[in-house]
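Participant: See entry19.cif below, with mmCIF, C-alpha atoms and all ligand atoms.
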data_upload
#
loop_
_atom_site.group_PDB
_atom_site.id
_atom_site.type_symbol
_atom_site.label_atom_id
_atom_site.label_comp_id
_atom_site.auth_asym_id
_atom_site.auth_seq_id
_atom_site.Cartn_x
_atom_site.Cartn_y
_atom_site.Cartn_z
ATOM 1 C CA MET U 1 5.871 0.811 16.891
ATOM 2 C CA LYS U 2 9.269 1.052 15.257
ATOM 3 C CA VAL U 3 9.554 2.752 11.877
ATOM 4 C CA LEU U 4 12.463 3.157 9.471
ATOM 5 C CA LEU U 5 12.338 6.336 7.438
ATOM 6 C CA VAL U 6 14.522 6.462 4.323
ATOM 7 C CA GLU U 7 14.455 10.025 3.001
ATOM 8 C CA ASP U 8 17.307 12.170 1.687
ATOM 9 C CA GLU U 9 15.568 15.525 1.937
ATOM 10 C CA LYS U 10 16.615 16.568 5.423
ATOM 11 C CA LYS U 11 13.666 18.921 5.954
ATOM 12 C CA ILE U 12 11.081 16.294 5.091
ATOM 13 C CA ALA U 13 12.923 13.692 7.158
ATOM 14 C CA ALA U 14 12.971 15.987 10.193
ATOM 15 C CA PHE U 15 9.296 16.871 9.805
ATOM 16 C CA VAL U 16 8.259 13.231 9.476
ATOM 17 C CA ARG U 17 10.447 12.091 12.353
ATOM 18 C CA LYS U 18 9.010 14.769 14.611
ATOM 19 C CA GLY U 19 5.430 13.920 13.679
ATOM 20 C CA LEU U 20 5.871 10.178 14.148
ATOM 21 C CA GLU U 21 7.707 10.577 17.436
ATOM 22 C CA ALA U 22 4.916 12.835 18.714
ATOM 23 C CA GLN U 23 2.624 9.885 17.983
ATOM 24 C CA GLY U 24 4.821 7.659 20.149
ATOM 25 C CA PHE U 25 6.627 5.859 17.299
ATOM 26 C CA VAL U 26 10.289 4.990 17.543
ATOM 27 C CA VAL U 27 11.911 6.333 14.371
ATOM 28 C CA GLU U 28 15.244 5.574 12.729
ATOM 29 C CA VAL U 29 16.266 7.682 9.767
ATOM 30 C CA ALA U 30 18.557 6.905 6.839
ATOM 31 C CA HIS U 31 19.433 9.742 4.465
ATOM 32 C CA ASP U 32 20.666 7.629 1.582
ATOM 33 C CA GLY U 33 19.736 4.396 -0.108
ATOM 34 C CA ASP U 34 22.726 2.289 0.872
ATOM 35 C CA ASN U 35 22.361 3.046 4.549
ATOM 36 C CA GLY U 36 18.603 2.601 4.233
ATOM 37 C CA TYR U 37 18.989 -0.842 2.709
ATOM 38 C CA ALA U 38 21.578 -1.843 5.302
ATOM 39 C CA LEU U 39 19.167 -0.970 8.126
ATOM 40 C CA ALA U 40 16.079 -2.384 6.412
ATOM 41 C CA SER U 41 17.719 -5.730 5.743
ATOM 42 C CA THR U 42 19.320 -6.237 9.145
ATOM 43 C CA ARG U 43 16.971 -4.730 11.727
ATOM 44 C CA ALA U 44 13.346 -5.417 12.594
ATOM 45 C CA TYR U 45 10.804 -2.677 11.913
ATOM 46 C CA ASP U 46 7.034 -2.583 12.044
ATOM 47 C CA ALA U 47 6.997 -0.477 8.890
ATOM 48 C CA ILE U 48 9.339 1.264 6.444
ATOM 49 C CA VAL U 49 8.620 4.659 4.907
ATOM 50 C CA LEU U 50 10.663 4.742 1.742
ATOM 51 C CA ASP U 51 11.410 7.640 -0.578
ATOM 52 C CA ILE U 52 11.941 6.610 -4.222
ATOM 53 C CA MET U 53 14.596 9.068 -5.430
ATOM 54 C CA LEU U 54 17.609 8.601 -3.173
ATOM 55 C CA PRO U 55 21.351 9.013 -3.468
ATOM 56 C CA GLY U 56 22.976 5.587 -3.735
ATOM 57 C CA ARG U 57 20.488 2.761 -4.046
ATOM 58 C CA ASP U 58 17.035 4.044 -5.032
ATOM 59 C CA GLY U 59 13.821 3.190 -3.198
ATOM 60 C CA LEU U 60 12.515 0.716 -5.774
ATOM 61 C CA SER U 61 15.742 -1.241 -5.784
ATOM 62 C CA ILE U 62 15.660 -1.392 -1.972
ATOM 63 C CA LEU U 63 12.084 -2.655 -2.115
ATOM 64 C CA ARG U 64 12.923 -5.245 -4.805
ATOM 65 C CA ASN U 65 15.845 -6.542 -2.751
ATOM 66 C CA LEU U 66 13.803 -6.791 0.433
ATOM 67 C CA ARG U 67 11.026 -8.717 -1.308
ATOM 68 C CA ASP U 68 13.558 -10.962 -3.103
ATOM 69 C CA ARG U 69 14.846 -11.864 0.332
ATOM 70 C CA ARG U 70 11.284 -12.646 1.451
ATOM 71 C CA LEU U 71 11.256 -9.772 3.921
ATOM 72 C CA THR U 72 7.585 -8.867 4.209
ATOM 73 C CA VAL U 73 7.849 -5.781 6.404
ATOM 74 C CA PRO U 74 5.133 -3.290 5.336
ATOM 75 C CA VAL U 75 6.539 -0.595 3.037
ATOM 76 C CA ILE U 76 4.964 2.779 2.261
ATOM 77 C CA LEU U 77 6.534 4.619 -0.671
ATOM 78 C CA LEU U 78 6.886 8.375 -0.757
ATOM 79 C CA THR U 79 6.519 9.512 -4.347
ATOM 80 C CA ALA U 80 6.555 12.778 -6.212
ATOM 81 C CA ARG U 81 3.366 13.640 -8.072
ATOM 82 C CA SER U 82 5.092 13.036 -11.404
ATOM 83 C CA GLU U 83 6.389 9.571 -10.494
ATOM 84 C CA LEU U 84 3.381 7.643 -11.765
ATOM 85 C CA ASN U 85 5.377 4.824 -13.373
ATOM 86 C CA GLU U 86 7.519 4.427 -10.274
ATOM 87 C CA ARG U 87 4.387 4.273 -8.111
ATOM 88 C CA LEU U 88 2.949 1.542 -10.302
ATOM 89 C CA GLU U 89 6.214 -0.372 -10.347
ATOM 90 C CA GLY U 90 6.501 -0.008 -6.564
ATOM 91 C CA LEU U 91 3.079 -1.534 -6.010
ATOM 92 C CA ASN U 92 3.909 -4.357 -8.400
ATOM 93 C CA LEU U 93 7.125 -4.969 -6.486
ATOM 94 C CA GLY U 94 5.155 -5.382 -3.277
ATOM 95 C CA ALA U 95 4.857 -1.963 -1.676
ATOM 96 C CA ASP U 96 1.884 -1.906 0.683
ATOM 97 C CA ASP U 97 0.887 1.673 0.005
ATOM 98 C CA TYR U 98 2.175 4.973 -1.313
ATOM 99 C CA LEU U 99 1.796 8.603 -0.418
ATOM 100 C CA THR U 100 2.313 11.503 -2.804
ATOM 101 C CA LYS U 101 4.337 14.482 -1.638
ATOM 102 C CA PRO U 102 3.424 16.857 -0.166
ATOM 103 C CA PHE U 103 1.327 15.100 2.457
ATOM 104 C CA PHE U 104 -0.057 15.713 5.902
ATOM 105 C CA ILE U 105 1.682 13.868 8.714
ATOM 106 C CA GLU U 106 -1.737 12.681 9.975
ATOM 107 C CA GLU U 107 -2.248 10.938 6.633
ATOM 108 C CA LEU U 108 1.096 9.153 6.893
ATOM 109 C CA ILE U 109 0.338 8.060 10.465
ATOM 110 C CA ALA U 110 -3.053 6.679 9.372
ATOM 111 C CA ARG U 111 -1.427 4.787 6.473
ATOM 112 C CA ILE U 112 1.266 3.315 8.727
ATOM 113 C CA GLN U 113 -1.322 2.169 11.233
ATOM 114 C CA ALA U 114 -3.397 0.610 8.446
ATOM 115 C CA VAL U 115 -0.519 -1.369 6.874
ATOM 116 C CA VAL U 116 0.668 -2.577 10.269
ATOM 117 C CA ARG U 117 -2.865 -3.690 11.147
ATOM 118 C CA ARG U 118 -3.167 -5.546 7.849
ATOM 119 C CA ALA U 119 0.209 -7.209 8.281
ATOM 120 C CA ALA U 120 -0.805 -8.433 11.727
ATOM 121 C CA GLY U 121 -4.222 -9.620 10.533
ATOM 122 C CA THR U 122 -5.177 -13.167 11.423
ATOM 123 C CA PRO U 123 -6.731 -15.407 8.771
ATOM 124 C CA GLN U 124 -10.456 -14.792 8.625
ATOM 125 C CA SER U 125 -13.326 -16.810 7.269
ATOM 126 C CA ILE U 126 -15.720 -13.875 6.996
ATOM 127 C CA LEU U 127 -14.681 -10.547 5.530
ATOM 128 C CA SER U 128 -16.926 -7.765 6.617
ATOM 129 C CA HIS U 129 -16.670 -4.352 5.060
ATOM 130 C CA ALA U 130 -19.264 -1.604 5.495
ATOM 131 C CA ASP U 131 -22.575 -3.415 4.762
ATOM 132 C CA LEU U 132 -20.856 -6.078 2.649
ATOM 133 C CA THR U 133 -20.032 -9.544 3.969
ATOM 134 C CA VAL U 134 -17.989 -12.137 2.119
ATOM 135 C CA ASN U 135 -17.965 -15.630 3.567
ATOM 136 C CA LEU U 136 -14.796 -17.351 2.378
ATOM 137 C CA LEU U 137 -15.943 -20.795 3.491
ATOM 138 C CA THR U 138 -19.455 -20.930 2.046
ATOM 139 C CA ARG U 139 -18.579 -18.356 -0.655
ATOM 140 C CA GLU U 140 -21.780 -16.455 0.106
ATOM 141 C CA VAL U 141 -21.832 -12.723 -0.465
ATOM 142 C CA GLU U 142 -24.346 -10.285 0.989
ATOM 143 C CA ARG U 143 -24.751 -6.556 0.693
ATOM 144 C CA ALA U 144 -27.102 -4.872 3.177
ATOM 145 C CA GLY U 145 -28.794 -8.228 3.744
ATOM 146 C CA ARG U 146 -29.287 -8.896 0.009
ATOM 147 C CA LYS U 147 -27.748 -12.142 -1.270
ATOM 148 C CA ILE U 148 -25.490 -11.712 -4.297
ATOM 149 C CA GLU U 149 -24.588 -14.428 -6.790
ATOM 150 C CA LEU U 150 -21.058 -14.184 -8.156
ATOM 151 C CA THR U 151 -19.088 -16.274 -10.614
ATOM 152 C CA ALA U 152 -15.856 -17.838 -9.374
ATOM 153 C CA ARG U 153 -13.729 -15.080 -10.962
ATOM 154 C CA GLU U 154 -15.922 -12.307 -9.633
ATOM 155 C CA PHE U 155 -15.689 -13.847 -6.193
ATOM 156 C CA ALA U 156 -11.905 -14.120 -6.403
ATOM 157 C CA LEU U 157 -11.668 -10.476 -7.453
ATOM 158 C CA LEU U 158 -13.941 -9.339 -4.633
ATOM 159 C CA GLU U 159 -12.007 -11.464 -2.152
ATOM 160 C CA GLN U 160 -8.699 -9.929 -3.133
ATOM 161 C CA LEU U 161 -9.981 -6.375 -2.753
ATOM 162 C CA ALA U 162 -11.974 -7.041 0.422
ATOM 163 C CA ARG U 163 -9.067 -8.720 2.189
ATOM 164 C CA SER U 164 -7.178 -5.418 2.242
ATOM 165 C CA PRO U 165 -9.546 -2.448 2.302
ATOM 166 C CA GLY U 166 -7.691 0.733 1.445
ATOM 167 C CA ARG U 167 -4.883 -1.073 -0.337
ATOM 168 C CA VAL U 168 -4.438 -0.258 -4.004
ATOM 169 C CA PHE U 169 -3.939 -3.215 -6.336
ATOM 170 C CA THR U 170 -2.559 -2.691 -9.815
ATOM 171 C CA ARG U 171 -4.192 -4.390 -12.785
ATOM 172 C CA MET U 172 -1.108 -6.596 -13.036
ATOM 173 C CA GLN U 173 -1.477 -7.748 -9.431
ATOM 174 C CA ILE U 174 -5.185 -8.444 -9.863
ATOM 175 C CA CYS U 175 -4.595 -10.328 -13.096
ATOM 176 C CA GLU U 176 -1.912 -12.530 -11.598
ATOM 177 C CA LYS U 177 -3.934 -13.267 -8.491
ATOM 178 C CA VAL U 178 -7.375 -13.796 -9.978
ATOM 179 C CA TRP U 179 -6.492 -15.301 -13.348
ATOM 180 C CA ASN U 180 -2.980 -16.605 -12.804
ATOM 181 C CA TYR U 181 -2.124 -14.963 -16.098
ATOM 182 C CA ASP U 182 0.833 -12.933 -17.071
ATOM 183 C CA PHE U 183 -0.573 -9.480 -17.449
ATOM 184 C CA ASP U 184 -1.204 -8.152 -20.927
ATOM 185 C CA PRO U 185 -1.204 -4.361 -20.597
ATOM 186 C CA GLY U 186 -3.429 -4.090 -23.667
ATOM 187 C CA SER U 187 -6.166 -6.191 -22.096
ATOM 188 C CA ASN U 188 -9.155 -4.654 -20.351
ATOM 189 C CA LEU U 189 -10.104 -7.939 -18.664
ATOM 190 C CA VAL U 190 -9.664 -6.541 -15.166
ATOM 191 C CA ASP U 191 -11.691 -3.414 -15.915
ATOM 192 C CA VAL U 192 -14.491 -5.484 -17.422
ATOM 193 C CA TYR U 193 -14.693 -7.681 -14.334
ATOM 194 C CA VAL U 194 -14.605 -4.713 -11.972
ATOM 195 C CA GLN U 195 -17.561 -3.225 -13.873
ATOM 196 C CA ARG U 196 -19.477 -6.502 -13.600
ATOM 197 C CA LEU U 197 -18.726 -6.799 -9.934
ATOM 198 C CA ARG U 198 -19.831 -3.231 -9.273
ATOM 199 C CA LYS U 199 -23.138 -3.883 -11.051
ATOM 200 C CA LYS U 200 -23.772 -6.811 -8.746
ATOM 201 C CA ILE U 201 -22.658 -5.446 -5.403
ATOM 202 C CA ASP U 202 -23.709 -1.804 -5.695
ATOM 203 C CA GLY U 203 -27.303 -0.650 -5.724
ATOM 204 C CA PRO U 204 -29.413 2.480 -5.289
ATOM 205 C CA ASP U 205 -29.110 2.234 -1.518
ATOM 206 C CA SER U 206 -25.606 0.764 -1.533
ATOM 207 C CA PRO U 207 -23.037 3.215 -2.832
ATOM 208 C CA GLY U 208 -19.923 2.122 -4.727
ATOM 209 C CA LEU U 209 -17.335 0.275 -2.664
ATOM 210 C CA ILE U 210 -14.697 -0.268 -5.328
ATOM 211 C CA GLU U 211 -12.716 2.818 -6.137
ATOM 212 C CA THR U 212 -10.784 3.427 -9.363
ATOM 213 C CA ILE U 213 -7.320 4.873 -8.778
ATOM 214 C CA ARG U 214 -6.593 6.544 -12.094
ATOM 215 C CA GLY U 215 -3.590 5.202 -13.920
ATOM 216 C CA VAL U 216 -2.860 2.736 -11.116
ATOM 217 C CA GLY U 217 -5.627 0.252 -10.385
ATOM 218 C CA TYR U 218 -8.428 -0.404 -7.916
ATOM 219 C CA ARG U 219 -9.100 -0.609 -4.247
ATOM 220 C CA MET U 220 -11.860 -1.299 -1.796
ATOM 221 C CA LYS U 221 -12.636 2.035 -0.186
ATOM 222 C CA ALA U 222 -11.366 2.192 3.359
ATOM 223 C CA VAL U 223 -14.300 2.526 5.739
ATOM 224 C CA GLU U 224 -13.652 3.549 9.305
HETATM 225 CA CA CA U 301 14.355 12.047 -2.522
#
What would the structure in this file look like if it were written as structure tokens?
Facilitator:
Amino acid sequence: MKVLLVEDEKKIAAFVRKGLEAQGFVVEVAHDGDNGYALASTRAYDAIVLDIMLPGRDGLSILRNLRDRRLTVPVILLTARSELNERLEGLNLGADDYLTKPFFIEELIARIQAVVRRAAGTPQSILSHADLTVNLLTREVERAGRKIELTAREFALLEQLARSPGRVFTRMQICEKVWNYDFDPGSNLVDVYVQRLRKKIDGPDSPGLIETIRGVGYRMKAVE
């Protein structure tokens, strides 16, 4: 597993490099945005760990440029607790995940493994998550053996979340994917549909699977 780490804080970079190498990863480090972008756009990595605030080109501009060039390498953003807008923008630009500083190295390793697994995922016809199964061919949904009737929109919403357990989707991403609409930030359409979906798929013996990430969006809880 080869990882590019773009991080200007030398201490954090050294700590992350050490932790990832101990896990058997091959790690290349860039300490500024220009060098980071040069490496990210010319070499092959399994994942990129990208700080947002960098000297030179910042993390979001690197991400935007990579995605504009159709480079789909998984990207995990490192964000400061206060960088809520940047986090949201990063997800909308196509980041696969984010981690808020400070973090445990074990958490970063788990996130890297998860995004790499998702990126390598083969197309499936049945999504199975905890006691939920979603059949993409017959469009049948079951939770703990109980059949669930969903409308087309509800199904599309569930499909998007269930395809990438653990991945956070912003309301804008959900809106574009499920409704093909340009997102209206004043609309609570997405929230209304998430509530409806929860009512149908959760029950007394089936705890909530869809998690609200405050100020960001929703995700299907990761279940190991
Ligand atoms: Ca920084």
Participant: How would you write, as a PyMOL selection string, the residues chosen by the PyMOL selection byres (((chain U and resi 57-59) around 10) and not hetatm) on this structure?
Facilitator: chain U and resi 6-7+32-37+49-56+60-65+77-79+86+90
Participant: Nearest to ligand CA 301 (chain U) among U:Ala22, U:Val178, U:Lys101, U:Ala38, with distances taken over all atoms listed in the file: which residue is it?
Facilitator: U:Lys101
Participant: Evaluated on this file, the PyMOL selection byres (((chain U and resi 223) around 9) and not hetatm) picks out some residues - which ones are they, written as a ChimeraX atom specification?
Facilitator: /U:129-130,165-166,220-222,224
Participant: For those residues, write C-alpha atoms to a file as an mmCIF file, in the frame of the given file.
Facilitator:
data_model
loop_
_atom_site.group_PDB
_atom_site.id
_atom_site.type_symbol
_atom_site.label_atom_id
_atom_site.label_comp_id
_atom_site.auth_asym_id
_atom_site.auth_seq_id
_atom_site.Cartn_x
_atom_site.Cartn_y
_atom_site.Cartn_z
ATOM 1 C CA HIS U 129 -16.670 -4.352 5.060
ATOM 2 C CA ALA U 130 -19.264 -1.604 5.495
ATOM 3 C CA PRO U 165 -9.546 -2.448 2.302
ATOM 4 C CA GLY U 166 -7.691 0.733 1.445
ATOM 5 C CA MET U 220 -11.860 -1.299 -1.796
ATOM 6 C CA LYS U 221 -12.636 2.035 -0.186
ATOM 7 C CA ALA U 222 -11.366 2.192 3.359
ATOM 8 C CA GLU U 224 -13.652 3.549 9.305
#
Participant: Just give me the gap between CA of Val168 in chain U and CA of Asn180 in chain U in Å, one decimal is fine.
Facilitator: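 Straight-line distance from CA of Val168 in chain U to CA of Asn180 in chain U works out to 18.6 Å.
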Participant: Can you pull out every residue within 12 Å of Asp184 in chain U, counting only C-alpha atoms, but drop anything in the same chain fewer than 2 positions away, and send it as a VMD selection string?
Facilitator: chain U and resid 171 to 176 179 to 182 186 to 190
Participant: Between U:Ala80, U:Ser164, U:Leu137, U:Leu91, single out the one closest to ligand CA 301 (chain U), counting all atoms listed in the file.
Facilitator: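 That would be U:Ala80, the residue with the smallest distance to ligand CA 301 (chain U).
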Participant: Taking all atoms listed in the file into account, which of U:Val194, U:Leu39, U:Ala95, U:Ile105 comes nearest Glu21 in chain U?
Facilitator: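 Result for the nearest residue to Glu21 in chain U: U:Ile105.
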Participant: Between U:Ala144, U:Lys2, U:Lys11, U:Gln124, which one has atoms that come closest to ligand CA 301 (chain U), using all atoms listed in the file?
Facilitator: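 For ligand CA 301 (chain U), the nearest of the candidates is U:Lys11.
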Participant: Select all residues near (-22.0, -17.6, 8.8) (cut-off 9 Å, inclusive, file coordinates), counting only C-alpha atoms, and output them as an MDAnalysis selection string.
Facilitator: chainID U and resid 125:126 135 137:138 140
Participant: I need the residue nearest ligand CA 301 (chain U) from this list: U:Ala44, U:Ile148, U:Leu66, U:Ala30. Use only C-alpha atoms and all ligand atoms for the distance.
Facilitator: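 Counting only C-alpha atoms and all ligand atoms, the residue closest to ligand CA 301 (chain U) is U:Ala30.
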Participant: What is the distance, in Å and to one decimal place, between CA of Val115 in chain U and CA of Tyr45 in chain U?
Facilitator: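 Pair CA of Val115 in chain U / CA of Tyr45 in chain U returns 12.5 Å.
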Participant: Pick out the closest residue to Val26 in chain U from this set: U:Met1, U:Ala110, U:Leu158, U:Ala47. Count only C-alpha atoms.
Facilitator: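 Of all the options, U:Met1 lies closest to Val26 in chain U.
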Participant: Go ahead and compute the interatomic distance for CA of Val116 in chain U and CA of Pro74 in chain U, in Å to one decimal.
Facilitator: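 So the two atoms, CA of Val116 in chain U and CA of Pro74 in chain U, lie 6.7 Å apart.
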Participant: I need the residue set behind the PyMOL selection byres (((chain U and resi 109) around 10) and not hetatm) for this file; please write it as a PyMOL selection string.
Facilitator: chain U and resi 16+19-20+23+25+104-108+110-114
Participant: Please enclose the listed atoms of range 205-209 of chain U in an axis-aligned box, pad each side by 8 Å, and write out the centre and the three edge lengths in Å, rounded to one decimal, as JSON.
Facilitator:
{"center_x": -23.2, "center_y": 1.7, "center_z": -3.1, "size_x": 27.8, "size_y": 18.9, "size_z": 19.2}
Participant: Which residues come within 6 Å of Ile76 in chain U, counting all atoms listed in the file, excluding same-chain residues fewer than 6 positions away, as a compact mmCIF listing (two decimals) with C-alpha atoms, in the frame of the given file?
Facilitator:
# COMPACT_ATOMS: atom_id res chain seq x y z
CA VAL U 49 8.62 4.66 4.91
CA ASP U 96 1.88 -1.91 0.68
CA ASP U 97 0.89 1.67 0.00
CA TYR U 98 2.17 4.97 -1.31
Participant: Can you fill out range 194-204 of chain U with all heavy atoms and hand it back as a compact mmCIF listing (two decimals), in the coordinates of the input?
Facilitator:
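Written output follows (out_36.txt):
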# COMPACT_ATOMS: atom_id res chain seq x y z
N VAL U 194 -14.27 -5.68 -13.04
CA VAL U 194 -14.60 -4.71 -11.97
C VAL U 194 -15.98 -4.11 -12.25
O VAL U 194 -16.80 -3.97 -11.35
CB VAL U 194 -13.52 -3.62 -11.85
CG1 VAL U 194 -14.01 -2.47 -10.98
CG2 VAL U 194 -12.24 -4.19 -11.26
N GLN U 195 -16.24 -3.78 -13.52
CA GLN U 195 -17.56 -3.22 -13.87
C GLN U 195 -18.67 -4.22 -13.54
O GLN U 195 -19.70 -3.85 -12.97
CB GLN U 195 -17.63 -2.88 -15.37
CG GLN U 195 -16.77 -1.70 -15.80
CD GLN U 195 -16.87 -0.52 -14.86
OE1 GLN U 195 -17.95 -0.19 -14.36
NE2 GLN U 195 -15.74 0.12 -14.57
N ARG U 196 -18.46 -5.48 -13.88
CA ARG U 196 -19.48 -6.50 -13.60
C ARG U 196 -19.72 -6.64 -12.11
O ARG U 196 -20.86 -6.78 -11.66
CB ARG U 196 -18.98 -7.86 -14.11
CG ARG U 196 -19.22 -8.06 -15.57
CD ARG U 196 -18.95 -9.52 -15.88
NE ARG U 196 -18.51 -9.63 -17.25
CZ ARG U 196 -18.02 -10.73 -17.80
NH1 ARG U 196 -17.89 -11.82 -17.05
NH2 ARG U 196 -17.66 -10.75 -19.04
N LEU U 197 -18.62 -6.64 -11.38
CA LEU U 197 -18.73 -6.80 -9.93
C LEU U 197 -19.47 -5.62 -9.32
O LEU U 197 -20.33 -5.77 -8.46
CB LEU U 197 -17.31 -6.92 -9.36
CG LEU U 197 -17.18 -7.31 -7.90
CD1 LEU U 197 -17.92 -8.61 -7.60
CD2 LEU U 197 -15.70 -7.46 -7.55
N ARG U 198 -19.14 -4.42 -9.79
CA ARG U 198 -19.83 -3.23 -9.27
C ARG U 198 -21.33 -3.33 -9.52
O ARG U 198 -22.13 -3.00 -8.66
CB ARG U 198 -19.29 -1.98 -9.97
CG ARG U 198 -17.98 -1.49 -9.40
CD ARG U 198 -17.52 -0.29 -10.17
NE ARG U 198 -16.38 0.35 -9.56
CZ ARG U 198 -15.44 1.00 -10.25
NH1 ARG U 198 -15.53 1.07 -11.56
NH2 ARG U 198 -14.43 1.56 -9.62
N LYS U 199 -21.72 -3.77 -10.73
CA LYS U 199 -23.14 -3.88 -11.05
C LYS U 199 -23.84 -4.79 -10.06
O LYS U 199 -24.98 -4.58 -9.70
CB LYS U 199 -23.32 -4.44 -12.47
CG LYS U 199 -23.39 -3.35 -13.50
CD LYS U 199 -23.89 -3.89 -14.83
CE LYS U 199 -23.66 -2.83 -15.89
NZ LYS U 199 -23.26 -3.39 -17.17
N LYS U 200 -23.13 -5.85 -9.63
CA LYS U 200 -23.77 -6.81 -8.75
C LYS U 200 -23.79 -6.36 -7.29
O LYS U 200 -24.75 -6.60 -6.58
CB LYS U 200 -23.07 -8.17 -8.86
CG LYS U 200 -23.33 -8.84 -10.19
CD LYS U 200 -22.85 -10.28 -10.18
CE LYS U 200 -23.18 -10.97 -11.50
NZ LYS U 200 -22.73 -12.38 -11.49
N ILE U 201 -22.70 -5.75 -6.85
CA ILE U 201 -22.66 -5.45 -5.40
C ILE U 201 -23.18 -4.06 -5.05
O ILE U 201 -23.53 -3.81 -3.91
CB ILE U 201 -21.25 -5.65 -4.78
CG1 ILE U 201 -20.24 -4.64 -5.33
CG2 ILE U 201 -20.76 -7.07 -4.96
CD1 ILE U 201 -18.90 -4.69 -4.60
N ASP U 202 -23.21 -3.14 -6.01
CA ASP U 202 -23.71 -1.80 -5.70
C ASP U 202 -25.20 -1.73 -6.05
O ASP U 202 -25.67 -2.47 -6.90
CB ASP U 202 -22.95 -0.72 -6.47
CG ASP U 202 -21.47 -0.71 -6.10
OD1 ASP U 202 -21.13 -1.21 -5.01
OD2 ASP U 202 -20.66 -0.21 -6.90
N GLY U 203 -25.89 -0.84 -5.42
CA GLY U 203 -27.30 -0.65 -5.72
C GLY U 203 -27.68 0.77 -5.36
O GLY U 203 -26.85 1.53 -4.90
N PRO U 204 -28.98 1.11 -5.58
CA PRO U 204 -29.41 2.48 -5.29
C PRO U 204 -29.14 2.87 -3.83
O PRO U 204 -28.80 4.01 -3.54
CB PRO U 204 -30.91 2.45 -5.58
CG PRO U 204 -31.24 1.10 -6.08
CD PRO U 204 -30.03 0.25 -6.08
